[in-house]
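For reference, upload_18.cif (mmCIF, C-alpha atoms):
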data_model
loop_
_atom_site.group_PDB
_atom_site.id
_atom_site.type_symbol
_atom_site.label_atom_id
_atom_site.label_comp_id
_atom_site.auth_asym_id
_atom_site.auth_seq_id
_atom_site.Cartn_x
_atom_site.Cartn_y
_atom_site.Cartn_z
ATOM 1 C CA MET A 30 20.212 -29.982 16.854
ATOM 2 C CA THR A 31 21.157 -26.823 18.761
ATOM 3 C CA PHE A 32 21.994 -25.116 15.473
ATOM 4 C CA PHE A 33 18.447 -25.687 14.235
ATOM 5 C CA ARG A 34 16.962 -24.333 17.471
ATOM 6 C CA VAL A 35 19.025 -21.156 17.138
ATOM 7 C CA LEU A 36 18.076 -20.858 13.473
ATOM 8 C CA PHE A 37 14.384 -21.339 14.303
ATOM 9 C CA ALA A 38 14.517 -18.776 17.131
ATOM 10 C CA SER A 39 16.239 -16.283 14.817
ATOM 11 C CA ALA A 40 13.540 -16.747 12.184
ATOM 12 C CA ILE A 41 10.793 -16.117 14.748
ATOM 13 C CA LEU A 42 12.541 -12.980 16.007
ATOM 14 C CA LEU A 43 12.994 -11.678 12.483
ATOM 15 C CA ALA A 44 9.336 -12.311 11.633
ATOM 16 C CA SER A 45 8.097 -10.580 14.785
ATOM 17 C CA THR A 46 10.313 -7.573 14.088
ATOM 18 C CA ALA A 47 8.936 -7.315 10.557
ATOM 19 C CA TYR A 48 5.394 -7.557 11.922
ATOM 20 C CA ALA A 49 6.002 -4.726 14.396
ATOM 21 C CA ALA A 50 7.451 -2.495 11.665
ATOM 22 C CA ALA A 51 4.598 -3.109 9.239
ATOM 23 C CA GLY A 52 2.526 -0.146 8.187
ATOM 24 C CA GLN A 53 -1.025 0.201 7.073
ATOM 25 C CA MET A 54 -2.369 -0.895 3.689
ATOM 26 C CA VAL A 55 -4.950 1.324 2.009
ATOM 27 C CA ASN A 56 -6.982 -0.050 -0.897
ATOM 28 C CA VAL A 57 -8.712 2.543 -3.045
ATOM 29 C CA GLN A 58 -11.267 1.500 -5.639
ATOM 30 C CA VAL A 59 -11.168 3.970 -8.527
ATOM 31 C CA ASN A 60 -13.362 4.604 -11.573
ATOM 32 C CA GLY A 61 -11.641 5.573 -14.800
ATOM 33 C CA LEU A 62 -8.542 3.361 -14.700
ATOM 34 C CA VAL A 63 -8.301 1.977 -18.222
ATOM 35 C CA CYS A 64 -4.678 1.992 -19.342
ATOM 36 C CA ASP A 65 -1.092 1.625 -18.250
ATOM 37 C CA PHE A 66 -0.579 5.387 -18.539
ATOM 38 C CA CYS A 67 -3.384 5.872 -15.965
ATOM 39 C CA ALA A 68 -1.659 3.457 -13.605
ATOM 40 C CA ARG A 69 1.761 5.102 -14.000
ATOM 41 C CA SER A 70 0.367 8.578 -13.342
ATOM 42 C CA LEU A 71 -1.203 7.455 -10.048
ATOM 43 C CA GLU A 72 1.949 5.566 -9.064
ATOM 44 C CA ALA A 73 3.961 8.740 -9.658
ATOM 45 C CA LYS A 74 1.529 10.931 -7.672
ATOM 46 C CA PHE A 75 1.463 8.676 -4.627
ATOM 47 C CA GLY A 76 5.069 7.523 -4.962
ATOM 48 C CA GLU A 77 6.403 11.017 -4.300
ATOM 49 C CA ARG A 78 4.698 11.149 -0.878
ATOM 50 C CA PRO A 79 7.008 10.372 2.089
ATOM 51 C CA GLU A 80 4.275 8.344 3.831
ATOM 52 C CA VAL A 81 4.088 5.819 0.988
ATOM 53 C CA ALA A 82 6.262 2.708 1.109
ATOM 54 C CA SER A 83 4.734 0.985 -1.925
ATOM 55 C CA ILE A 84 1.981 1.407 -4.491
ATOM 56 C CA ASP A 85 0.344 -1.064 -6.831
ATOM 57 C CA VAL A 86 -2.316 -0.163 -9.386
ATOM 58 C CA ASN A 87 -4.390 -3.098 -10.632
ATOM 59 C CA LEU A 88 -6.152 -2.228 -13.883
ATOM 60 C CA ASP A 89 -8.302 -5.374 -13.806
ATOM 61 C CA THR A 90 -9.839 -4.707 -10.388
ATOM 62 C CA LYS A 91 -9.501 -0.882 -10.563
ATOM 63 C CA ILE A 92 -7.887 -0.922 -7.113
ATOM 64 C CA ILE A 93 -4.891 1.095 -5.960
ATOM 65 C CA SER A 94 -3.070 -0.607 -3.058
ATOM 66 C CA ILE A 95 -0.999 1.871 -1.070
ATOM 67 C CA GLY A 96 1.417 0.520 1.536
ATOM 68 C CA MET A 97 2.279 3.078 4.199
ATOM 69 C CA ASN A 98 5.597 3.390 5.959
ATOM 70 C CA ALA A 99 5.447 2.283 9.598
ATOM 71 C CA GLY A 100 3.830 4.924 11.757
ATOM 72 C CA LYS A 101 2.737 6.997 8.750
ATOM 73 C CA ASP A 102 -0.661 7.590 7.180
ATOM 74 C CA ILE A 103 -2.504 9.667 4.581
ATOM 75 C CA ASP A 104 -5.993 10.838 5.455
ATOM 76 C CA ASP A 105 -8.947 9.963 3.219
ATOM 77 C CA ALA A 106 -9.412 13.576 2.072
ATOM 78 C CA THR A 107 -5.826 13.700 0.767
ATOM 79 C CA ILE A 108 -6.238 10.363 -0.992
ATOM 80 C CA ARG A 109 -9.478 11.555 -2.613
ATOM 81 C CA SER A 110 -7.987 14.858 -3.747
ATOM 82 C CA THR A 111 -4.858 13.178 -5.161
ATOM 83 C CA VAL A 112 -6.940 10.679 -7.149
ATOM 84 C CA THR A 113 -9.389 13.370 -8.291
ATOM 85 C CA GLU A 114 -6.611 15.758 -9.370
ATOM 86 C CA ALA A 115 -5.201 12.917 -11.484
ATOM 87 C CA GLY A 116 -8.559 12.695 -13.279
ATOM 88 C CA PHE A 117 -10.202 9.722 -11.589
ATOM 89 C CA ASP A 118 -13.111 9.124 -9.204
ATOM 90 C CA VAL A 119 -12.798 7.377 -5.835
ATOM 91 C CA VAL A 120 -15.442 4.703 -5.205
ATOM 92 C CA THR A 121 -14.268 3.374 -1.814
ATOM 93 C CA ILE A 122 -11.316 3.587 0.562
ATOM 94 C CA ASN A 123 -10.559 0.564 2.762
ATOM 95 C CA ARG A 124 -7.817 0.370 5.389
ATOM 96 C CA ALA A 125 -6.133 -2.668 6.914
ATOM 97 C CA THR A 126 -3.027 -3.266 8.996
ATOM 98 C CA THR A 127 -0.542 -5.453 7.150
ATOM 99 C CA PRO A 128 0.817 -8.524 8.932
#

For this file, produce the structure as structure tokens.
Amino acid sequence: MTFFRVLFASAILLASTAYAAAGQMVNVQVNGLVCDFCARSLEAKFGERPEVASIDVNLDTKIISIGMNAGKDIDDATIRSTVTEAGFDVVTINRATTP
């Protein structure tokens, strides 16, 4: 029984540490995303930035989900210019803290 208590306490500690280290998630709705090549070009553009931990481009919803490294951020103007330089139009930018 003590083993399970220690295991449970370790799991809670690990989860709380992951929560504290989580960065911000930025969802960018984009016009003009129509093909896999479009998605890969945006992934490459944002993927080279040191602030970015992850990027996912969804062609069905036309949303780019950018996960930031903990304590890092990219301002909206930089996001807009990066998307625009790649040949697309930004519709909206929404920010949320990841759990």

Rounded to one decimal, what separation in Å do you get between atom CA of Phe75 of chain A and atom CA of Ile95 of chain A?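 One can read the atom CA of Phe75 of chain A to atom CA of Ile95 of chain A distance as 8.1 Å.
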
Residues matched by the PyMOL selection byres ((chain A and resi 83) around 9) as a VMD selection string: chain A and resid 72 75 to 76 81 to 82 84 to 85 94 to 98

With distances taken over only C-alpha atoms, which of A:Asp89, A:Asp118, A:Glu80, A:Cys64 is nearest to Lys101 of chain A?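 The closest residue to Lys101 of chain A is A:Glu80.
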
Could you tell me how far atom CA of Val86 of chain A sits from atom CA of Ala125 of chain A, in Å to one decimal place? 16.9 Å

Considering all atoms listed in the file, state which residue in the set A:Ala99, A:Val120, A:Ala115, A:Met54 is at the smallest distance from Ala68 of chain A.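 Residue with the minimum atom-to-atom distance to Ala68 of chain A: A:Ala115.
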
Could you jot down the atom CA of Asn123 of chain A to atom CA of Gln58 of chain A separation for me, Å, one decimal place?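 About the pair atom CA of Asn123 of chain A and atom CA of Gln58 of chain A: they are 8.5 Å apart.
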
Applying 10 Å and only C-alpha atoms, which residues near Arg109 of chain A remain after dropping the ones on its own chain fewer than 2 positions away? List them as a ChimeraX atom specification. /A:57,59,104-107,111-115,117-122
